[in-house]
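Worksheet: the structure to be examined is printed underneath.
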Amino acid sequence: MTVIAHVSDLHLTPVPFPIGEGLKPALGWINWRRKPGAHDAAIASRTIAAVAAARPDHVALTGDLIELGLAAEYAAAGAALAEFGDPDQVSWSPGNHDVYTPRAEKRLQAILGDWLGAPAGAGDLRARFPRVALAGRAAVVTLCSGTPTWLFSAEGELGRDQLARLDSLLSGLDRTASLPLIAIHHPPHAPGLSRLKRLRDGEALMALLARHGCPLVLHGHLHRACDTLWTGGGRSIRLAGAPSASLAGRHGDDPAGFTLIHVDADLGFRLERRTVP
């Protein structure tokens with residue numbers, strides 16, 4: 001049995017005021033302040049401890065470790081990542097808050113480069129993805145949908161080049177040895193989701209995954225535990241969303257928690273939802 005822990009949307013607090021960072025971070029800070037206590041550092045710590053107690057073979061984090069892309073936030077994110085394990089035990093799919101602005105994208109790569117793997121550099125973060133981590137009978141394939149967007153957008157986009165690399169990567173996986181688990185921040189299929197929060201090339205991703213027979217997508221972004229079935233091209237793909245790992249449940253959101261994916265020797269799998277008080 002292989003166990004993968006899926007954790008998402010830590011949104012680490014406190015968030016410093018973004019002095020000199022421009023309009024988008026300033027408005028983002030104001031929006032964060034409008035919901036005091038929505039994300040709780042103590043709950044995030046309890047989630048990290050609960051994941052460690054579950055003793056997974058690998059941890060898949062699907063984005064939004066932070067809020068505004070400030071240097072101090074990335075330093076805190078690095079410490080949180082280290083609590084989950086070493087870089088070879090943890091996969092991280094950056095989300096829209098992790099890559100809040102072009103300036104933030106450069107900072108992220110400078111401060112958290114050890115958690116991203118090759119190639120190094122300060123260009124488009126998505127050039128470092130997809131990444132694959134083999135853990136027992138699972139192949140955790142991590143994508144990056146986080147990219148700087150305009151002022152009021154929480155959208156994501158993989159881009160044509162990342163999709164092409166993913167196609168090549170999946171073609172080379174030994175499907176008799178491991179089950180591919182796709183980890184991404186934005187859900188590629190989420191009926192009713194606002195266009196301002198969507199994955200722009202979600203349909204292209206789902207079609208590609210269907211061609212390769214990938215059965216499961218792990219995502220965050222929605223701050224709730226959800227389970228959606230997509231069908232197309234003669235295939236069915238399950239999309240499992242994790243709640244925020246730090247939500248205090250004070251604003252009608254799902255309680256904090258995470259998901260354990262149990263992969264059997266015959267490559268069957270089941271999901272186990274866990275909440276964190």
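Identifiers in this document derive from the order of the structure tokens: chains are assigned A, B, ..., residues are numbered from 1 separately in each chain, and ligands are numbered from 1 in order of occurrence.
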Do you know which residues are at most 7 Å from A:His186 counting only C-alpha atoms, after dropping those on the same chain fewer than 5 positions away, and could you put them as number ranges by chain? A: 145, 156, 198-199, 219-221
Would you mind listing what lies within 8 Å of A:Trp115 as a list in words, with only C-alpha atoms counted and same-chain residues fewer than 4 positions away left out?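 Counting only the stated atoms, we get Pro87, Ser91 and Trp92 of chain A.
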Based on the selection just made, write C-alpha atoms of those residues as a compact mmCIF listing (two decimals), in the first residue's frame.
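The new file result30.txt reads:
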# COMPACT_ATOMS: atom_id res chain seq x y z
CA PRO A 87 12.19 18.23 -1.17
CA SER A 91 5.63 17.98 -4.39
CA TRP A 92 4.35 21.53 -4.68
I'd like a table as JSON lines: residues in stretch 152-189 of chain A with an atom no more than 12 Å from stretch 7-20 of chain A, each row giving the shortest atom pair and its distance in Å to one decimal, only C-alpha atoms counted, sorted by chain and rising residue number.
{"residue": "A:Ala183", "atom": "CA", "partner": "A:Val7", "partner_atom": "CA", "distance": 10.2}
{"residue": "A:Ile184", "atom": "CA", "partner": "A:Ser8", "partner_atom": "CA", "distance": 9.8}
{"residue": "A:His185", "atom": "CA", "partner": "A:Ser8", "partner_atom": "CA", "distance": 7.9}
{"residue": "A:His186", "atom": "CA", "partner": "A:Ser8", "partner_atom": "CA", "distance": 10.8}
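If you look at atom CA of A:Arg131 and atom CA of A:Glu272, they are 24.5 Å away from each other.
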So that I can check the surroundings of stretch 247-249 of chain A, please list as a PDB file with all heavy atoms, in the first residue's frame every protein, DNA and RNA residue that reaches within 10 Å of it, counting only C-alpha atoms and ignoring chain neighbours fewer than 6 positions away.
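Result went into around_4.pdb, see below:
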ATOM      1  N   ASP A   9      -3.859  24.940  -0.039  1.00  0.00           N
ATOM      2  CA  ASP A   9      -4.307  26.268   0.384  1.00  0.00           C
ATOM      3  C   ASP A   9      -4.029  26.559   1.858  1.00  0.00           C
ATOM      4  O   ASP A   9      -4.936  26.836   2.638  1.00  0.00           O
ATOM      5  CB  ASP A   9      -5.801  26.429   0.066  1.00  0.00           C
ATOM      6  CG  ASP A   9      -6.077  26.425  -1.424  1.00  0.00           C
ATOM      7  OD1 ASP A   9      -6.206  25.324  -1.994  1.00  0.00           O
ATOM      8  OD2 ASP A   9      -6.136  27.506  -2.021  1.00  0.00           O
ATOM      9  N   LEU A  10      -2.750  26.533   2.220  1.00  0.00           N
ATOM     10  CA  LEU A  10      -2.366  26.880   3.587  1.00  0.00           C
ATOM     11  C   LEU A  10      -2.619  28.362   3.890  1.00  0.00           C
ATOM     12  O   LEU A  10      -2.966  28.718   5.005  1.00  0.00           O
ATOM     13  CB  LEU A  10      -0.893  26.553   3.816  1.00  0.00           C
ATOM     14  CG  LEU A  10      -0.555  25.111   4.185  1.00  0.00           C
ATOM     15  CD1 LEU A  10       0.942  24.895   4.095  1.00  0.00           C
ATOM     16  CD2 LEU A  10      -1.045  24.766   5.575  1.00  0.00           C
ATOM     17  N   HIS A  11      -2.390  29.233   2.909  1.00  0.00           N
ATOM     18  CA  HIS A  11      -2.585  30.682   3.095  1.00  0.00           C
ATOM     19  C   HIS A  11      -1.994  31.135   4.440  1.00  0.00           C
ATOM     20  O   HIS A  11      -2.704  31.617   5.325  1.00  0.00           O
ATOM     21  CB  HIS A  11      -4.070  31.037   3.009  1.00  0.00           C
ATOM     22  CG  HIS A  11      -4.634  30.939   1.633  1.00  0.00           C
ATOM     23  ND1 HIS A  11      -4.500  31.930   0.693  1.00  0.00           N
ATOM     24  CD2 HIS A  11      -5.334  29.934   1.018  1.00  0.00           C
ATOM     25  CE1 HIS A  11      -5.097  31.573  -0.439  1.00  0.00           C
ATOM     26  NE2 HIS A  11      -5.598  30.357  -0.269  1.00  0.00           N
ATOM     27  N   GLY A  37      -9.194  36.207  10.788  1.00  0.00           N
ATOM     28  CA  GLY A  37      -9.244  34.868  11.362  1.00  0.00           C
ATOM     29  C   GLY A  37      -9.743  33.780  10.445  1.00  0.00           C
ATOM     30  O   GLY A  37      -9.865  32.624  10.866  1.00  0.00           O
ATOM     31  N   ALA A  38     -10.037  34.130   9.178  1.00  0.00           N
ATOM     32  CA  ALA A  38     -10.525  33.088   8.265  1.00  0.00           C
ATOM     33  C   ALA A  38      -9.484  31.984   8.104  1.00  0.00           C
ATOM     34  O   ALA A  38      -9.813  30.793   8.108  1.00  0.00           O
ATOM     35  CB  ALA A  38     -10.871  33.698   6.912  1.00  0.00           C
ATOM     36  N   HIS A  39      -8.223  32.376   7.943  1.00  0.00           N
ATOM     37  CA  HIS A  39      -7.113  31.418   7.908  1.00  0.00           C
ATOM     38  C   HIS A  39      -6.324  31.577   9.197  1.00  0.00           C
ATOM     39  O   HIS A  39      -5.973  32.688   9.600  1.00  0.00           O
ATOM     40  CB  HIS A  39      -6.215  31.668   6.697  1.00  0.00           C
ATOM     41  CG  HIS A  39      -6.902  31.387   5.398  1.00  0.00           C
ATOM     42  ND1 HIS A  39      -7.058  30.108   4.901  1.00  0.00           N
ATOM     43  CD2 HIS A  39      -7.497  32.219   4.506  1.00  0.00           C
ATOM     44  CE1 HIS A  39      -7.709  30.174   3.747  1.00  0.00           C
ATOM     45  NE2 HIS A  39      -7.985  31.428   3.492  1.00  0.00           N
ATOM     46  N   ASP A  40      -6.069  30.467   9.853  1.00  0.00           N
ATOM     47  CA  ASP A  40      -5.506  30.478  11.199  1.00  0.00           C
ATOM     48  C   ASP A  40      -4.183  29.712  11.218  1.00  0.00           C
ATOM     49  O   ASP A  40      -4.136  28.533  10.840  1.00  0.00           O
ATOM     50  CB  ASP A  40      -6.509  29.841  12.162  1.00  0.00           C
ATOM     51  CG  ASP A  40      -6.134  30.001  13.610  1.00  0.00           C
ATOM     52  OD1 ASP A  40      -4.988  29.676  13.970  1.00  0.00           O
ATOM     53  OD2 ASP A  40      -7.003  30.437  14.398  1.00  0.00           O
ATOM     54  N   ALA A  41      -3.114  30.379  11.651  1.00  0.00           N
ATOM     55  CA  ALA A  41      -1.791  29.750  11.672  1.00  0.00           C
ATOM     56  C   ALA A  41      -1.759  28.535  12.582  1.00  0.00           C
ATOM     57  O   ALA A  41      -1.059  27.549  12.299  1.00  0.00           O
ATOM     58  CB  ALA A  41      -0.742  30.766  12.110  1.00  0.00           C
ATOM     59  N   ALA A  42      -2.507  28.583  13.686  1.00  0.00           N
ATOM     60  CA  ALA A  42      -2.530  27.439  14.603  1.00  0.00           C
ATOM     61  C   ALA A  42      -3.173  26.225  13.941  1.00  0.00           C
ATOM     62  O   ALA A  42      -2.721  25.084  14.143  1.00  0.00           O
ATOM     63  CB  ALA A  42      -3.287  27.809  15.877  1.00  0.00           C
ATOM     64  N   ILE A  43      -4.224  26.455  13.142  1.00  0.00           N
ATOM     65  CA  ILE A  43      -4.869  25.342  12.435  1.00  0.00           C
ATOM     66  C   ILE A  43      -3.932  24.783  11.372  1.00  0.00           C
ATOM     67  O   ILE A  43      -3.836  23.560  11.187  1.00  0.00           O
ATOM     68  CB  ILE A  43      -6.206  25.796  11.819  1.00  0.00           C
ATOM     69  CG1 ILE A  43      -7.188  26.159  12.925  1.00  0.00           C
ATOM     70  CG2 ILE A  43      -6.791  24.705  10.933  1.00  0.00           C
ATOM     71  CD1 ILE A  43      -8.501  26.721  12.425  1.00  0.00           C
ATOM     72  N   ALA A  44      -3.210  25.668  10.673  1.00  0.00           N
ATOM     73  CA  ALA A  44      -2.233  25.203   9.691  1.00  0.00           C
ATOM     74  C   ALA A  44      -1.200  24.303  10.357  1.00  0.00           C
ATOM     75  O   ALA A  44      -0.825  23.252   9.815  1.00  0.00           O
ATOM     76  CB  ALA A  44      -1.559  26.391   9.018  1.00  0.00           C
ATOM     77  N   HIS A 223     -11.265  25.781  -1.776  1.00  0.00           N
ATOM     78  CA  HIS A 223     -11.357  25.806  -0.307  1.00  0.00           C
ATOM     79  C   HIS A 223     -12.458  24.893   0.225  1.00  0.00           C
ATOM     80  O   HIS A 223     -13.040  25.156   1.274  1.00  0.00           O
ATOM     81  CB  HIS A 223     -11.575  27.239   0.216  1.00  0.00           C
ATOM     82  CG  HIS A 223     -10.408  28.134   0.024  1.00  0.00           C
ATOM     83  ND1 HIS A 223     -10.330  29.397   0.576  1.00  0.00           N
ATOM     84  CD2 HIS A 223      -9.241  27.968  -0.674  1.00  0.00           C
ATOM     85  CE1 HIS A 223      -9.184  29.963   0.244  1.00  0.00           C
ATOM     86  NE2 HIS A 223      -8.508  29.121  -0.525  1.00  0.00           N
ATOM     87  N   ARG A 224     -12.722  23.834  -0.471  1.00  0.00           N
ATOM     88  CA  ARG A 224     -13.708  22.869   0.027  1.00  0.00           C
ATOM     89  C   ARG A 224     -13.362  21.471  -0.481  1.00  0.00           C
ATOM     90  O   ARG A 224     -12.732  21.308  -1.530  1.00  0.00           O
ATOM     91  CB  ARG A 224     -15.125  23.245  -0.397  1.00  0.00           C
ATOM     92  CG  ARG A 224     -15.400  23.197  -1.876  1.00  0.00           C
ATOM     93  CD  ARG A 224     -16.868  23.503  -2.173  1.00  0.00           C
ATOM     94  NE  ARG A 224     -17.216  23.312  -3.562  1.00  0.00           N
ATOM     95  CZ  ARG A 224     -17.153  24.241  -4.493  1.00  0.00           C
ATOM     96  NH1 ARG A 224     -16.753  25.461  -4.180  1.00  0.00           N
ATOM     97  NH2 ARG A 224     -17.499  23.973  -5.742  1.00  0.00           N
ATOM     98  N   PRO A 255     -14.476  22.953   6.975  1.00  0.00           N
ATOM     99  CA  PRO A 255     -13.407  22.939   7.979  1.00  0.00           C
ATOM    100  C   PRO A 255     -12.091  22.515   7.346  1.00  0.00           C
ATOM    101  O   PRO A 255     -12.053  21.877   6.294  1.00  0.00           O
ATOM    102  CB  PRO A 255     -13.906  21.910   8.996  1.00  0.00           C
ATOM    103  CG  PRO A 255     -14.834  21.033   8.235  1.00  0.00           C
ATOM    104  CD  PRO A 255     -15.496  21.930   7.226  1.00  0.00           C
ATOM    105  N   ALA A 256     -11.001  22.873   8.005  1.00  0.00           N
ATOM    106  CA  ALA A 256      -9.680  22.515   7.509  1.00  0.00           C
ATOM    107  C   ALA A 256      -9.532  20.996   7.448  1.00  0.00           C
ATOM    108  O   ALA A 256     -10.174  20.250   8.197  1.00  0.00           O
ATOM    109  CB  ALA A 256      -8.604  23.113   8.407  1.00  0.00           C
ATOM    110  N   GLY A 257      -8.675  20.539   6.567  1.00  0.00           N
ATOM    111  CA  GLY A 257      -8.438  19.112   6.455  1.00  0.00           C
ATOM    112  C   GLY A 257      -7.497  18.779   5.322  1.00  0.00           C
ATOM    113  O   GLY A 257      -6.876  19.658   4.713  1.00  0.00           O
ATOM    114  N   VAL A 276      -9.465  18.610  10.382  1.00  0.00           N
ATOM    115  CA  VAL A 276      -8.574  19.053  11.446  1.00  0.00           C
ATOM    116  C   VAL A 276      -9.334  20.072  12.306  1.00  0.00           C
ATOM    117  O   VAL A 276      -9.748  21.114  11.788  1.00  0.00           O
ATOM    118  CB  VAL A 276      -7.296  19.673  10.871  1.00  0.00           C
ATOM    119  CG1 VAL A 276      -6.404  20.222  11.982  1.00  0.00           C
ATOM    120  CG2 VAL A 276      -6.533  18.639  10.037  1.00  0.00           C
ATOM    121  N   PRO A 277      -9.529  19.802  13.583  1.00  0.00           N
ATOM    122  CA  PRO A 277     -10.289  20.739  14.424  1.00  0.00           C
ATOM    123  C   PRO A 277      -9.480  22.016  14.722  1.00  0.00           C
ATOM    124  O   PRO A 277      -8.272  22.013  14.633  1.00  0.00           O
ATOM    125  CB  PRO A 277     -10.516  19.927  15.712  1.00  0.00           C
ATOM    126  CG  PRO A 277      -9.402  18.925  15.739  1.00  0.00           C
ATOM    127  CD  PRO A 277      -9.118  18.598  14.302  1.00  0.00           C
TER     128      PRO A 277
END
Compare A:Gly85, A:Pro102, A:Gly241, A:Pro188 by their minimum atom-to-atom distance to A:Leu208, counting only C-alpha atoms, and give me the closest one.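 Nearest candidate to A:Leu208 out of A:Gly85, A:Pro102, A:Gly241, A:Pro188: A:Pro188.
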So that I can check the surroundings of A:Arg235, please list as a tab-separated table (two decimals) with N, CA, C and O atoms, in the first residue's frame every protein, DNA and RNA residue that reaches within 9 Å of it, counting only C-alpha atoms and ignoring chain neighbours fewer than 2 positions away.
chain	number	residue	atom	x	y	z
A	210	ALA	N	-7.33	12.34	-20.57
A	210	ALA	CA	-8.19	11.25	-21.05
A	210	ALA	C	-7.45	10.38	-22.05
A	210	ALA	O	-7.56	9.15	-22.02
A	211	ARG	N	-6.67	11.00	-22.94
A	211	ARG	CA	-5.92	10.22	-23.94
A	211	ARG	C	-4.93	9.28	-23.26
A	211	ARG	O	-4.67	8.18	-23.76
A	213	GLY	N	-5.33	8.07	-20.17
A	213	GLY	CA	-6.00	7.21	-19.20
A	213	GLY	C	-5.67	7.53	-17.75
A	213	GLY	O	-5.62	6.62	-16.91
A	214	CYS	N	-5.47	8.80	-17.44
A	214	CYS	CA	-5.19	9.20	-16.06
A	214	CYS	C	-6.50	9.24	-15.27
A	214	CYS	O	-7.43	9.93	-15.67
A	215	PRO	N	-6.59	8.53	-14.15
A	215	PRO	CA	-7.89	8.39	-13.48
A	215	PRO	C	-8.21	9.44	-12.43
A	215	PRO	O	-9.36	9.55	-12.01
A	230	TRP	N	-15.56	13.77	-14.39
A	230	TRP	CA	-15.53	14.27	-15.77
A	230	TRP	C	-15.54	13.08	-16.72
A	230	TRP	O	-14.84	12.08	-16.48
A	231	THR	N	-16.32	13.17	-17.77
A	231	THR	CA	-16.33	12.12	-18.78
A	231	THR	C	-16.12	12.74	-20.15
A	231	THR	O	-16.62	13.82	-20.46
A	232	GLY	N	-15.37	12.04	-20.97
A	232	GLY	CA	-15.10	12.51	-22.33
A	232	GLY	C	-14.11	11.59	-23.01
A	232	GLY	O	-13.26	10.97	-22.35
A	233	GLY	N	-14.22	11.49	-24.32
A	233	GLY	CA	-13.30	10.64	-25.06
A	233	GLY	C	-13.34	9.19	-24.64
A	233	GLY	O	-12.34	8.47	-24.75
A	237	ILE	N	-12.70	10.62	-15.50
A	237	ILE	CA	-11.63	11.09	-14.64
A	237	ILE	C	-12.25	11.70	-13.39
A	237	ILE	O	-13.16	12.52	-13.47
Tell me which of A:Pro25, A:Pro187, A:Val51, A:Ser178 sits closest to A:Arg274, counting only C-alpha atoms.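 Between A:Pro25, A:Pro187, A:Val51, A:Ser178, the residue approaching A:Arg274 most closely is A:Val51.
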Do you have the atom CA of A:Leu170-atom CA of A:Val99 distance handy?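 Separating atom CA of A:Leu170 from atom CA of A:Val99 is a distance of 25.7 Å.
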I'd like to know which residues of stretch 33-137 of chain A are strand (DSSP E or B) (by DSSP, run on the backbone); could you write them as a VMD selection string? chain A and resid 39 58 to 61 90 to 92 131 to 135
Closest of A:Asp98, A:Glu203, A:Asp264, A:Asp114 to A:Cys144 - atom-to-atom distances counting only C-alpha atoms: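 Of A:Asp98, A:Glu203, A:Asp264, A:Asp114, the one nearest A:Cys144, counting only C-alpha atoms, is A:Asp98.
Computed from the coordinates, the atom CA of A:Ala135 to atom CA of A:Gly117 distance equals 16.9 Å.
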